[in-house]
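Printed here is query-v4.cif (mmCIF, C-alpha atoms):
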```
data_model
#
loop_
_atom_site.label_atom_id
_atom_site.label_comp_id
_atom_site.auth_asym_id
_atom_site.auth_seq_id
_atom_site.Cartn_x
_atom_site.Cartn_y
_atom_site.Cartn_z
CA MET A 11 -52.46 2.50 -3.54
CA GLY A 12 -50.00 4.15 -5.90
CA ILE A 13 -50.17 7.47 -4.08
CA ARG A 14 -49.76 5.72 -0.74
CA GLY A 15 -46.72 3.83 -1.99
CA GLU A 16 -45.21 7.03 -3.38
CA LEU A 17 -45.76 8.85 -0.10
CA ARG A 18 -44.24 5.95 1.80
CA GLY A 19 -41.23 6.07 -0.51
CA TRP A 20 -40.77 9.78 0.11
CA TRP A 21 -41.09 9.18 3.85
CA GLU A 22 -38.46 6.45 3.84
CA ARG A 23 -36.09 8.59 1.78
CA GLY A 24 -36.61 11.43 4.23
CA ARG A 25 -35.83 9.17 7.16
CA VAL A 26 -32.63 7.97 5.53
CA LEU A 27 -31.59 11.55 4.77
CA ALA A 28 -32.34 12.63 8.34
CA ALA A 29 -30.33 9.72 9.75
CA ASP A 30 -27.35 10.49 7.51
CA HIS A 31 -27.50 14.28 7.99
CA PRO A 32 -29.00 15.09 11.42
CA LEU A 33 -28.03 18.76 11.23
CA LEU A 34 -30.00 19.19 8.00
CA ALA A 35 -32.96 17.47 9.64
CA ASP A 36 -32.82 19.85 12.62
CA ILE A 37 -32.61 22.85 10.30
CA GLY A 38 -35.68 21.52 8.49
CA VAL A 39 -37.56 21.17 11.81
CA ALA A 40 -36.58 24.72 12.77
CA LEU A 41 -37.80 26.07 9.41
CA LEU A 42 -41.07 24.18 9.79
CA VAL A 43 -41.63 25.62 13.27
CA GLN A 44 -40.71 29.09 12.02
CA GLY A 45 -43.29 28.74 9.27
CA ALA A 46 -45.97 27.85 11.81
CA MET A 47 -45.00 30.80 14.03
CA THR A 48 -45.10 33.17 11.06
CA MET A 49 -48.80 32.57 10.42
CA PRO A 50 -50.10 34.87 13.22
CA PHE A 51 -47.95 37.69 11.82
CA LEU A 52 -49.68 37.37 8.44
CA VAL A 53 -53.22 37.43 9.83
CA PRO A 54 -54.71 40.93 10.31
CA ARG A 55 -54.67 42.03 13.93
CA ALA A 56 -57.90 42.77 15.78
CA PRO A 57 -58.80 46.47 16.23
CA GLY A 58 -57.25 47.99 19.32
CA LEU A 59 -54.18 45.74 19.29
CA PRO A 60 -50.77 47.09 18.28
CA PRO A 61 -49.66 45.94 14.83
CA ALA A 62 -47.14 43.15 14.48
CA SER A 63 -43.68 44.64 14.18
CA TRP A 64 -40.46 43.42 12.65
CA ALA A 65 -38.88 43.53 16.10
CA ALA A 66 -41.51 41.11 17.39
CA TYR A 67 -40.98 38.85 14.39
CA GLY A 68 -37.21 38.93 14.94
CA LEU A 69 -37.62 37.91 18.58
CA SER A 70 -39.98 35.10 17.57
CA THR A 71 -37.26 33.86 15.20
CA LEU A 72 -34.81 34.02 18.10
CA THR A 73 -37.01 31.56 20.02
CA VAL A 74 -36.81 29.11 17.10
CA LEU A 75 -33.10 29.39 16.30
CA PRO A 76 -31.87 27.17 19.19
CA LEU A 77 -33.76 24.21 17.71
CA VAL A 78 -30.95 23.81 15.18
CA TRP A 79 -28.77 22.43 18.01
CA ARG A 80 -31.50 20.46 19.77
CA ARG A 81 -29.83 17.04 19.31
CA ARG A 82 -26.40 18.19 20.44
CA ALA A 83 -27.47 19.78 23.73
CA PRO A 84 -31.20 19.26 24.45
CA VAL A 85 -31.21 20.67 27.98
CA ALA A 86 -29.20 23.74 26.99
CA VAL A 87 -31.55 24.34 24.06
CA LEU A 88 -34.50 24.09 26.46
CA PHE A 89 -33.06 26.86 28.65
CA ALA A 90 -32.28 28.98 25.54
CA VAL A 91 -35.85 28.61 24.26
CA LEU A 92 -37.33 29.50 27.64
CA ALA A 93 -35.11 32.58 27.89
CA ALA A 94 -35.98 33.71 24.35
CA ASN A 95 -39.71 33.24 24.99
CA ALA A 96 -39.49 35.23 28.22
CA LEU A 97 -37.67 38.03 26.38
CA TYR A 98 -40.36 38.03 23.68
CA ARG A 99 -43.22 38.25 26.18
CA LEU A 100 -41.64 40.90 28.37
CA THR A 101 -40.30 43.29 25.74
CA VAL A 102 -42.73 43.39 22.80
CA GLU A 103 -46.43 43.21 22.08
CA GLY A 104 -46.34 40.52 19.43
CA PRO A 105 -49.01 38.12 18.25
CA GLY A 106 -49.60 35.10 20.43
CA GLN A 107 -49.32 31.52 19.22
CA PRO A 108 -52.08 28.88 19.30
CA LEU A 109 -49.54 26.28 20.40
CA PRO A 110 -46.13 26.51 22.12
CA TYR A 111 -44.36 25.02 19.08
CA THR A 112 -40.77 25.52 20.17
CA GLY A 113 -41.49 24.29 23.70
CA LEU A 114 -43.17 21.12 22.43
CA VAL A 115 -40.29 20.30 20.08
CA VAL A 116 -37.63 20.80 22.72
CA VAL A 117 -39.56 18.83 25.38
CA TYR A 118 -39.92 15.95 22.92
CA THR A 119 -36.18 16.12 22.20
CA VAL A 120 -35.25 16.15 25.89
CA ALA A 121 -37.49 13.15 26.56
CA ALA A 122 -36.08 11.22 23.60
CA LEU A 123 -32.37 12.02 23.87
CA SER A 124 -31.43 13.22 27.35
CA ALA A 125 -30.14 11.15 30.22
CA PRO A 126 -32.35 10.64 33.30
CA ARG A 127 -30.61 13.50 35.12
CA GLY A 128 -31.25 15.89 32.25
CA ARG A 129 -34.90 14.85 32.08
CA LEU A 130 -35.27 15.44 35.83
CA VAL A 131 -33.76 18.92 35.67
CA SER A 132 -35.90 19.79 32.65
CA GLY A 133 -39.05 18.57 34.41
CA LEU A 134 -38.37 20.70 37.47
CA VAL A 135 -37.75 23.77 35.31
CA LEU A 136 -40.93 23.20 33.29
CA MET A 137 -43.01 22.87 36.45
CA VAL A 138 -42.18 26.53 37.07
CA ALA A 139 -41.90 27.79 33.49
CA VAL A 140 -45.22 26.48 32.19
CA PRO A 141 -47.44 28.20 34.81
CA VAL A 142 -45.44 31.42 34.41
CA GLY A 143 -45.77 31.26 30.62
CA VAL A 144 -49.50 30.62 30.82
CA TRP A 145 -49.92 33.62 33.13
CA LEU A 146 -47.89 35.88 30.83
CA ASN A 147 -49.96 34.82 27.81
CA THR A 148 -53.47 34.75 29.27
CA ARG A 149 -53.13 36.45 32.65
CA SER A 150 -54.86 33.40 34.11
CA ALA A 151 -53.96 30.13 35.74
CA ARG A 152 -55.61 27.81 33.19
CA LEU A 153 -52.98 25.15 32.96
CA THR A 154 -54.96 22.12 31.83
CA PHE A 155 -54.38 22.45 28.10
CA SER A 156 -50.73 23.45 28.40
CA LEU A 157 -49.95 20.62 30.80
CA PHE A 158 -51.70 18.17 28.48
CA VAL A 159 -49.77 19.13 25.34
CA PHE A 160 -46.42 19.20 27.13
CA ALA A 161 -47.13 15.84 28.76
CA ALA A 162 -48.07 14.42 25.35
CA ALA A 163 -44.79 15.71 23.86
CA TYR A 164 -42.83 14.11 26.70
CA VAL A 165 -44.64 10.78 26.33
CA PHE A 166 -43.99 10.72 22.57
CA GLY A 167 -40.32 11.41 23.26
CA ARG A 168 -40.06 8.55 25.72
CA LEU A 169 -41.80 6.21 23.27
CA THR A 170 -39.31 7.20 20.58
CA ASP A 171 -36.42 6.48 22.93
CA ALA A 172 -37.89 3.07 23.82
CA ARG A 173 -38.35 2.19 20.14
CA GLN A 174 -34.78 3.22 19.32
CA ARG A 175 -33.45 1.17 22.22
CA ALA A 176 -35.41 -1.85 21.01
CA HIS A 177 -33.98 -1.42 17.52
CA ARG A 178 -30.44 -1.18 18.91
CA VAL A 179 -30.93 -4.31 21.01
CA GLU A 180 -32.35 -6.16 18.01
CA ALA A 181 -29.41 -5.06 15.86
CA GLU A 182 -26.91 -6.15 18.52
CA GLN A 183 -28.61 -9.52 18.85
CA ALA A 184 -28.59 -9.97 15.08
CA ALA A 185 -24.88 -9.10 15.00
CA ALA A 186 -24.19 -11.57 17.82
CA ARG A 187 -26.09 -14.30 15.97
CA GLU A 188 -24.13 -13.56 12.81
CA ARG A 189 -20.82 -13.67 14.69
CA ALA A 190 -21.81 -17.01 16.22
CA ARG A 191 -22.77 -18.35 12.80
CA ILE A 192 -19.44 -17.28 11.30
CA ALA A 193 -17.60 -18.79 14.27
CA ARG A 194 -19.38 -22.11 13.73
CA GLU A 195 -18.60 -22.00 10.02
CA MET A 196 -14.92 -21.33 10.71
CA HIS A 197 -14.81 -24.08 13.32
CA ASP A 198 -16.31 -26.58 10.88
CA VAL A 199 -14.03 -25.61 7.99
CA LEU A 200 -10.81 -25.54 10.00
CA SER A 201 -11.57 -28.63 12.06
CA HIS A 202 -12.43 -30.65 8.97
CA ALA A 203 -9.42 -29.48 6.95
CA VAL A 204 -6.93 -29.95 9.79
CA SER A 205 -8.28 -33.42 10.57
CA LEU A 206 -7.82 -34.48 6.95
CA MET A 207 -4.31 -33.05 6.90
CA ILE A 208 -3.36 -34.87 10.11
CA VAL A 209 -4.68 -38.20 8.85
CA GLN A 210 -2.84 -37.85 5.55
CA ALA A 211 0.37 -36.62 7.19
CA GLU A 212 0.41 -39.54 9.64
CA ALA A 213 -0.11 -41.99 6.78
CA GLY A 214 2.54 -40.33 4.61
CA PRO A 215 5.72 -41.84 6.16
CA VAL A 216 4.25 -45.34 6.06
CA ALA A 217 3.19 -44.88 2.44
CA VAL A 218 6.63 -43.58 1.46
CA ARG A 219 8.24 -46.82 2.62
CA ALA A 220 5.53 -49.25 1.47
CA ALA A 221 3.90 -47.62 -1.57
CA PRO A 222 5.46 -44.36 -2.84
CA GLU A 223 2.59 -43.76 -5.24
CA ARG A 224 0.19 -43.61 -2.27
CA ALA A 225 2.42 -41.06 -0.57
CA GLU A 226 2.05 -38.76 -3.56
CA THR A 227 -1.73 -39.13 -3.31
CA ALA A 228 -1.60 -38.28 0.40
CA PHE A 229 0.35 -35.08 -0.25
CA ASP A 230 -2.08 -34.12 -3.00
CA ALA A 231 -4.97 -34.63 -0.57
CA ILE A 232 -3.25 -32.43 2.04
CA SER A 233 -2.78 -29.68 -0.54
CA ALA A 234 -6.39 -29.95 -1.76
CA ALA A 235 -7.77 -29.79 1.80
CA GLY A 236 -5.68 -26.71 2.54
CA ARG A 237 -6.75 -24.91 -0.63
CA ASP A 238 -10.40 -25.69 -0.02
CA ALA A 239 -10.19 -24.43 3.58
CA MET A 240 -8.48 -21.22 2.47
CA ALA A 241 -11.12 -20.59 -0.20
CA GLN A 242 -13.99 -21.05 2.27
CA LEU A 243 -12.27 -18.89 4.89
CA ARG A 244 -11.75 -16.11 2.36
CA HIS A 245 -15.43 -16.30 1.50
CA MET A 246 -16.56 -16.12 5.15
CA LEU A 247 -14.11 -13.43 6.22
CA GLY A 248 -14.95 -11.40 3.15
CA VAL A 249 -18.36 -10.52 4.56
CA LEU A 250 -16.64 -8.95 7.59
CA ARG A 251 -14.69 -6.44 5.51
CA ASP A 252 -15.78 -2.83 5.84
CA ASP A 253 -15.99 -2.36 2.10
CA GLY A 254 -18.09 -5.54 1.77
CA ALA A 255 -15.96 -6.98 -1.04
CA GLU A 256 -12.92 -9.09 -1.55
CA SER A 257 -10.13 -8.10 -3.86
CA ASP A 258 -11.90 -9.74 -6.80
CA GLY A 259 -15.23 -8.17 -5.76
CA THR A 260 -17.15 -11.47 -6.02
CA ALA A 261 -16.56 -13.57 -2.88
CA PRO A 262 -19.16 -12.01 -0.54
CA ARG A 263 -21.83 -12.37 -3.22
CA GLU A 264 -21.34 -16.11 -3.63
CA PRO A 265 -23.87 -18.35 -1.85
CA GLN A 266 -22.83 -20.61 0.97
CA PRO A 267 -21.88 -24.11 -0.26
CA GLY A 268 -24.85 -26.47 -0.17
CA LEU A 269 -25.77 -29.97 -1.26
CA ALA A 270 -23.99 -29.47 -4.59
CA ALA A 271 -20.69 -29.39 -2.67
CA LEU A 272 -21.39 -32.69 -0.89
CA PRO A 273 -19.78 -35.00 -3.52
CA GLY A 274 -16.54 -33.00 -3.41
CA LEU A 275 -16.50 -33.20 0.39
CA LEU A 276 -16.95 -36.97 0.31
CA ASP A 277 -14.21 -37.37 -2.30
CA ARG A 278 -11.75 -35.48 -0.11
CA VAL A 279 -12.61 -37.68 2.86
CA ARG A 280 -12.23 -40.82 0.74
CA GLY A 281 -8.75 -39.59 -0.12
CA SER A 282 -7.80 -40.08 3.54
CA GLY A 283 -8.46 -43.83 3.22
CA LEU A 284 -11.90 -43.82 4.85
CA ASP A 285 -14.53 -45.82 2.97
CA VAL A 286 -17.48 -43.44 2.57
CA THR A 287 -20.80 -44.55 1.11
CA TYR A 288 -23.64 -42.19 0.31
CA ARG A 289 -27.24 -42.64 -0.75
CA ALA A 290 -30.43 -40.63 -0.95
CA VAL A 291 -33.75 -42.25 -0.03
CA GLY A 292 -37.25 -41.03 -0.85
CA ASP A 293 -38.51 -38.35 -3.18
CA VAL A 294 -35.35 -36.34 -3.78
CA ARG A 295 -36.23 -32.68 -4.30
CA PRO A 296 -34.50 -29.29 -4.12
CA VAL A 297 -34.13 -27.60 -0.75
CA SER A 298 -33.44 -24.01 0.20
CA GLU A 299 -29.90 -22.66 0.32
CA GLY A 300 -30.02 -22.44 4.11
CA VAL A 301 -31.08 -26.06 4.52
CA GLY A 302 -28.51 -27.21 1.98
CA ALA A 303 -25.71 -25.36 3.76
CA THR A 304 -26.83 -26.84 7.09
CA VAL A 305 -26.86 -30.39 5.71
CA LEU A 306 -23.37 -29.93 4.28
CA ARG A 307 -21.98 -28.61 7.56
CA VAL A 308 -23.66 -31.38 9.57
CA VAL A 309 -22.12 -34.05 7.36
CA GLN A 310 -18.77 -32.27 7.44
CA GLU A 311 -18.72 -32.07 11.24
CA ALA A 312 -19.82 -35.69 11.64
CA LEU A 313 -17.05 -36.85 9.28
CA THR A 314 -14.53 -34.69 11.14
CA ASN A 315 -15.50 -36.37 14.41
CA THR A 316 -15.11 -39.76 12.77
CA LEU A 317 -11.63 -38.90 11.49
CA LYS A 318 -10.50 -37.48 14.82
CA HIS A 319 -12.03 -39.88 17.34
CA ALA A 320 -13.62 -43.01 15.93
CA ASP A 321 -10.73 -44.97 14.38
CA ALA A 322 -13.33 -46.15 11.86
CA ARG A 323 -12.93 -47.81 8.48
CA THR A 324 -16.33 -47.15 6.93
CA VAL A 325 -18.92 -44.39 7.14
CA GLN A 326 -22.45 -44.52 5.80
CA ILE A 327 -24.25 -41.26 4.93
CA GLN A 328 -27.93 -41.29 4.14
CA LEU A 329 -30.31 -38.45 3.24
CA THR A 330 -33.94 -39.46 3.70
CA TYR A 331 -36.52 -37.21 2.05
CA ALA A 332 -39.84 -37.49 3.86
CA ALA A 333 -43.04 -35.55 3.18
CA CYS A 334 -42.14 -32.49 5.25
CA GLU A 335 -38.65 -33.11 6.55
CA LEU A 336 -35.17 -34.14 5.56
CA GLU A 337 -33.30 -36.60 7.77
CA VAL A 338 -29.50 -36.78 7.67
CA THR A 339 -27.83 -39.88 9.11
CA VAL A 340 -24.07 -40.33 9.45
CA SER A 341 -22.95 -43.61 11.06
CA ASP A 342 -19.52 -45.23 11.33
CA ASP A 343 -18.08 -48.55 12.51
CA GLY A 344 -15.60 -47.03 14.93
CA ARG A 345 -15.07 -47.46 18.62
CA GLY A 346 -18.65 -46.54 19.50
CA SER A 347 -19.61 -45.86 23.11
CA PRO A 348 -16.10 -45.42 24.57
CA ALA A 349 -15.54 -42.55 22.14
CA VAL A 350 -18.83 -40.86 22.91
CA PRO A 351 -17.61 -38.81 25.90
CA ARG A 352 -14.83 -37.37 23.80
CA ARG A 353 -17.36 -36.23 21.21
CA GLY A 354 -19.30 -33.86 23.40
CA GLY A 355 -17.38 -30.75 22.36
CA HIS A 356 -18.29 -27.81 20.19
CA GLY A 357 -18.86 -29.96 17.11
CA LEU A 358 -21.96 -31.74 18.36
CA VAL A 359 -23.21 -28.55 19.98
CA GLY A 360 -22.91 -26.84 16.61
CA ILE A 361 -24.82 -29.66 14.92
CA ARG A 362 -27.67 -29.31 17.42
CA GLU A 363 -27.72 -25.53 17.03
CA ARG A 364 -27.83 -25.77 13.25
CA ALA A 365 -30.75 -28.20 13.40
CA ALA A 366 -32.58 -26.09 15.97
CA ALA A 367 -32.14 -22.98 13.81
CA HIS A 368 -34.39 -24.65 11.21
CA GLY A 369 -36.88 -25.95 13.76
CA GLY A 370 -35.43 -29.47 13.78
CA GLY A 371 -33.43 -31.62 16.16
CA ALA A 372 -30.36 -33.81 16.44
CA VAL A 373 -29.75 -37.16 18.15
CA THR A 374 -26.26 -38.57 18.65
CA GLY A 375 -25.04 -41.77 20.23
CA PRO A 376 -24.04 -45.38 19.57
CA GLY A 377 -25.10 -46.88 16.27
CA ALA A 378 -27.30 -49.88 15.67
CA GLY A 379 -26.51 -52.71 18.06
CA GLY A 380 -24.24 -50.45 20.09
CA ARG A 381 -21.61 -50.49 17.38
CA GLY A 382 -19.91 -47.35 16.11
CA PHE A 383 -21.35 -43.87 16.42
CA GLU A 384 -24.33 -42.26 14.74
CA VAL A 385 -25.48 -38.70 14.12
CA ARG A 386 -29.11 -38.29 13.12
CA VAL A 387 -30.49 -34.83 12.26
CA ARG A 388 -34.04 -33.96 11.26
CA ILE A 389 -34.75 -30.68 9.46
CA PRO A 390 -38.25 -29.59 8.43
CA VAL A 391 -38.39 -28.60 4.77
CA PRO A 392 -41.23 -27.17 2.66
CA VAL A 393 -42.64 -28.93 -0.35
CA ALA A 394 -40.88 -28.57 -3.68
CA ALA A 395 -43.34 -25.98 -4.97
CA GLU A 396 -42.64 -23.68 -2.01
CA VAL A 397 -38.89 -24.03 -2.51
CA GLY A 398 -39.20 -23.19 -6.19
CA ALA A 399 -41.32 -20.16 -5.36
#
```
Serialized structure, structure tokens:
Amino acid sequence: MGIRGELRGWWERGRVLAADHPLLADIGVALLVQGAMTMPFLVPRAPGLPPASWAAYGLSTLTVLPLVWRRRAPVAVLFAVLAANALYRLTVEGPGQPLPYTGLVVVYTVAALSAPRGRLVSGLVLMVAVPVGVWLNTRSARLTFSLFVFAAAYVFGRLTDARQRAHRVEAEQAAARERARIAREMHDVLSHAVSLMIVQAEAGPVAVRAAPERAETAFDAISAAGRDAMAQLRHMLGVLRDDGAESDGTAPREPQPGLAALPGLLDRVRGSGLDVTYRAVGDVRPVSEGVGATVLRVVQEALTNTLKHADARTVQIQLTYAACELEVTVSDDGRGSPAVPRRGGHGLVGIRERAAAHGGGAVTGPGAGGRGFEVRVRIPVPVAAEVGA
């Protein structure tokens, strides 16, 4: 197992090196092929055959040299290899090769990297070149083995291209999902912060005339909401930087805010004058960072909707810990059903998407007895031992 792991480590390091330095990888392939083609020159020749000469070895090297540029111009390299092989066969009496190494490598490269037009042209050329090469080597028309090995090289090339395309599609989809996640995070942060600022700013003039001390509290709440939004935006946008670090070098490494940030969120909302009550029911236990961040954003978006649309005075938030799921309920005493159509924007869509990302679901609508509005989200969670592990 240790040897296998060590070999796998060497293989992975080689793949990374080849991806970062493709020219070095192609030079390595050319040297490997040259080593294989050198073997017949080292084996003693049968009696009656002319000895292997340096001229023949030089021409065999000339057939390998184009492989250094195989990724840059596969079709051109194919023609160069065919021309060099023809020159070798027609001008010298050199040792033959058990396999057409250079031809197999370049056919694989054409199949893996060339456009459909290049593959078509290469296929038409090979349909002529392979029979001619077999005749020059064996003075016969036995094509079965040659056609098989060239077809195998082409198939392996096409499989490599398909695998690379699948990896690119997967990477693009992952990037799109990450962009959507960041967009939802930014929507939640900005919408919540701006809603708090608007509520406090609208209450400010009234408080200045009636109770100046409350006006000071309102301005403090506006400032706190703005600072919190800026801090979270810096954290989220930091992961998009090319260097992967903020100026202090720590923001991208910080975890997303989770349940520990919930009390601070509720305090900021209470500062707007909304009466917020919170309780946890059941066997309270730790949850994963992803679930905690989702719960925080769900509560934040539900409170933002209440501030913007409900004209409510009280909000009840309840986290119910069941055996295998966590249920989040946010209900208010606002306008209820008449406000429901205005709540069908991106906020509720984001809540549903967040719940679905964890295999859960979300239900929104009028509260108990048709009064107010309620958001109920269910998220499956593992048992405490699994979370700790």
Near-A:Val120 list (7 Å; all atoms listed in the file; drop same-chain fewer than 2 positions) as a PyMOL selection string: chain A and resi 84-85+116-118+122-124+129
Expected selection from the PyMOL selection byres ((chain A and resi 308) around 9), given as a list in words: Asp198, Ala303, Thr304, Val305, Leu306, Arg307, Val309, Gln310, Glu311, Ala312, Leu313, Val338, Val340, Leu358, Gly360, Ile361, Arg364, Ala365, Val385 and Val387 of chain A
For stretch 24-31 of chain A, what centre and edge lengths in Å (one decimal) does the axis-aligned box get once 3 Å is added on each side of all its listed atoms, as lines of an AutoDock Vina configuration file?
```
center_x = -32.0
center_y = 11.1
center_z = 7.0
size_x = 15.3
size_y = 12.3
size_z = 11.5
```
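Relative to atom CA of A:Ile232, atom CA of A:Leu206 is found at 7.0 Å.
Of the residues under consideration (A:Arg168, A:Thr71, A:Phe155, A:Ala86), A:Ala86 shows the shortest atom-to-atom contact distance to A:Val135 when counting all atoms listed in the file.
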A:Ala161 surroundings by all atoms listed in the file, 12 Å radius, close-in-sequence under 4 positions cut, as a PDB file with C-alpha atoms, in the coordinates of the input:
```pdb
ATOM      1  CA  GLY A 113     -41.490  24.290  23.700  1.00  0.00           C
ATOM      2  CA  LEU A 114     -43.170  21.120  22.430  1.00  0.00           C
ATOM      3  CA  VAL A 115     -40.290  20.300  20.080  1.00  0.00           C
ATOM      4  CA  VAL A 117     -39.560  18.830  25.380  1.00  0.00           C
ATOM      5  CA  TYR A 118     -39.920  15.950  22.920  1.00  0.00           C
ATOM      6  CA  ALA A 121     -37.490  13.150  26.560  1.00  0.00           C
ATOM      7  CA  GLY A 133     -39.050  18.570  34.410  1.00  0.00           C
ATOM      8  CA  LEU A 136     -40.930  23.200  33.290  1.00  0.00           C
ATOM      9  CA  MET A 137     -43.010  22.870  36.450  1.00  0.00           C
ATOM     10  CA  VAL A 140     -45.220  26.480  32.190  1.00  0.00           C
ATOM     11  CA  LEU A 153     -52.980  25.150  32.960  1.00  0.00           C
ATOM     12  CA  THR A 154     -54.960  22.120  31.830  1.00  0.00           C
ATOM     13  CA  PHE A 155     -54.380  22.450  28.100  1.00  0.00           C
ATOM     14  CA  SER A 156     -50.730  23.450  28.400  1.00  0.00           C
ATOM     15  CA  LEU A 157     -49.950  20.620  30.800  1.00  0.00           C
ATOM     16  CA  VAL A 165     -44.640  10.780  26.330  1.00  0.00           C
ATOM     17  CA  PHE A 166     -43.990  10.720  22.570  1.00  0.00           C
ATOM     18  CA  GLY A 167     -40.320  11.410  23.260  1.00  0.00           C
ATOM     19  CA  ARG A 168     -40.060   8.550  25.720  1.00  0.00           C
TER      20      ARG A 168
END
```
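Residue nearest A:Ala234, chosen from A:Gln328, A:Ser201, A:Gln107, A:Ser282 and counting only C-alpha atoms: A:Ser282.
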Protein, DNA and RNA residues within 10 Å of (-32.5, -39.7, 8.3), all atoms listed in the file, as number ranges by chain: A: 290-291, 327-332, 335-340, 385-389
Picked residues, the PyMOL selection byres ((chain A and resi 99) around 10), as a list in words: Ala66, Leu69, Ser70, Ala94, Asn95, Ala96, Leu97, Tyr98, Leu100, Thr101, Val102, Glu103, Gly104, Pro105, Gly106, Gly143, Leu146 and Asn147 of chain A
Between atom CA of A:Leu269 and atom CA of A:Gly302 - distance in Å to one decimal: 5.1 Å
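The space between atom CA of A:His368 and atom CA of A:Pro390 spans 6.9 Å.
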Best match for closeness to A:Leu109 among A:Ala372, A:Val159, A:Val301, A:Ala62, counting only C-alpha atoms: A:Val159
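Of the residues under consideration (A:Ala40, A:Val26, A:Ala367, A:Ala378), A:Ala40 shows the shortest atom-to-atom contact distance to A:Tyr111 when counting only C-alpha atoms.
Across the chains present, the PyMOL selection byres ((chain A and resi 374) around 6) applied to this file returns Val373, Gly375, Glu384 and Val385 of chain A.
Nearest residue to A:Glu299 among A:Met49, A:Ala211, A:Ala270, A:Leu92 is A:Ala270, counting all atoms listed in the file.
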Residue nearest A:His197 - candidates A:Ala239, A:Phe51, A:Pro110, A:Ala46, atoms counted: only C-alpha atoms: A:Ala239
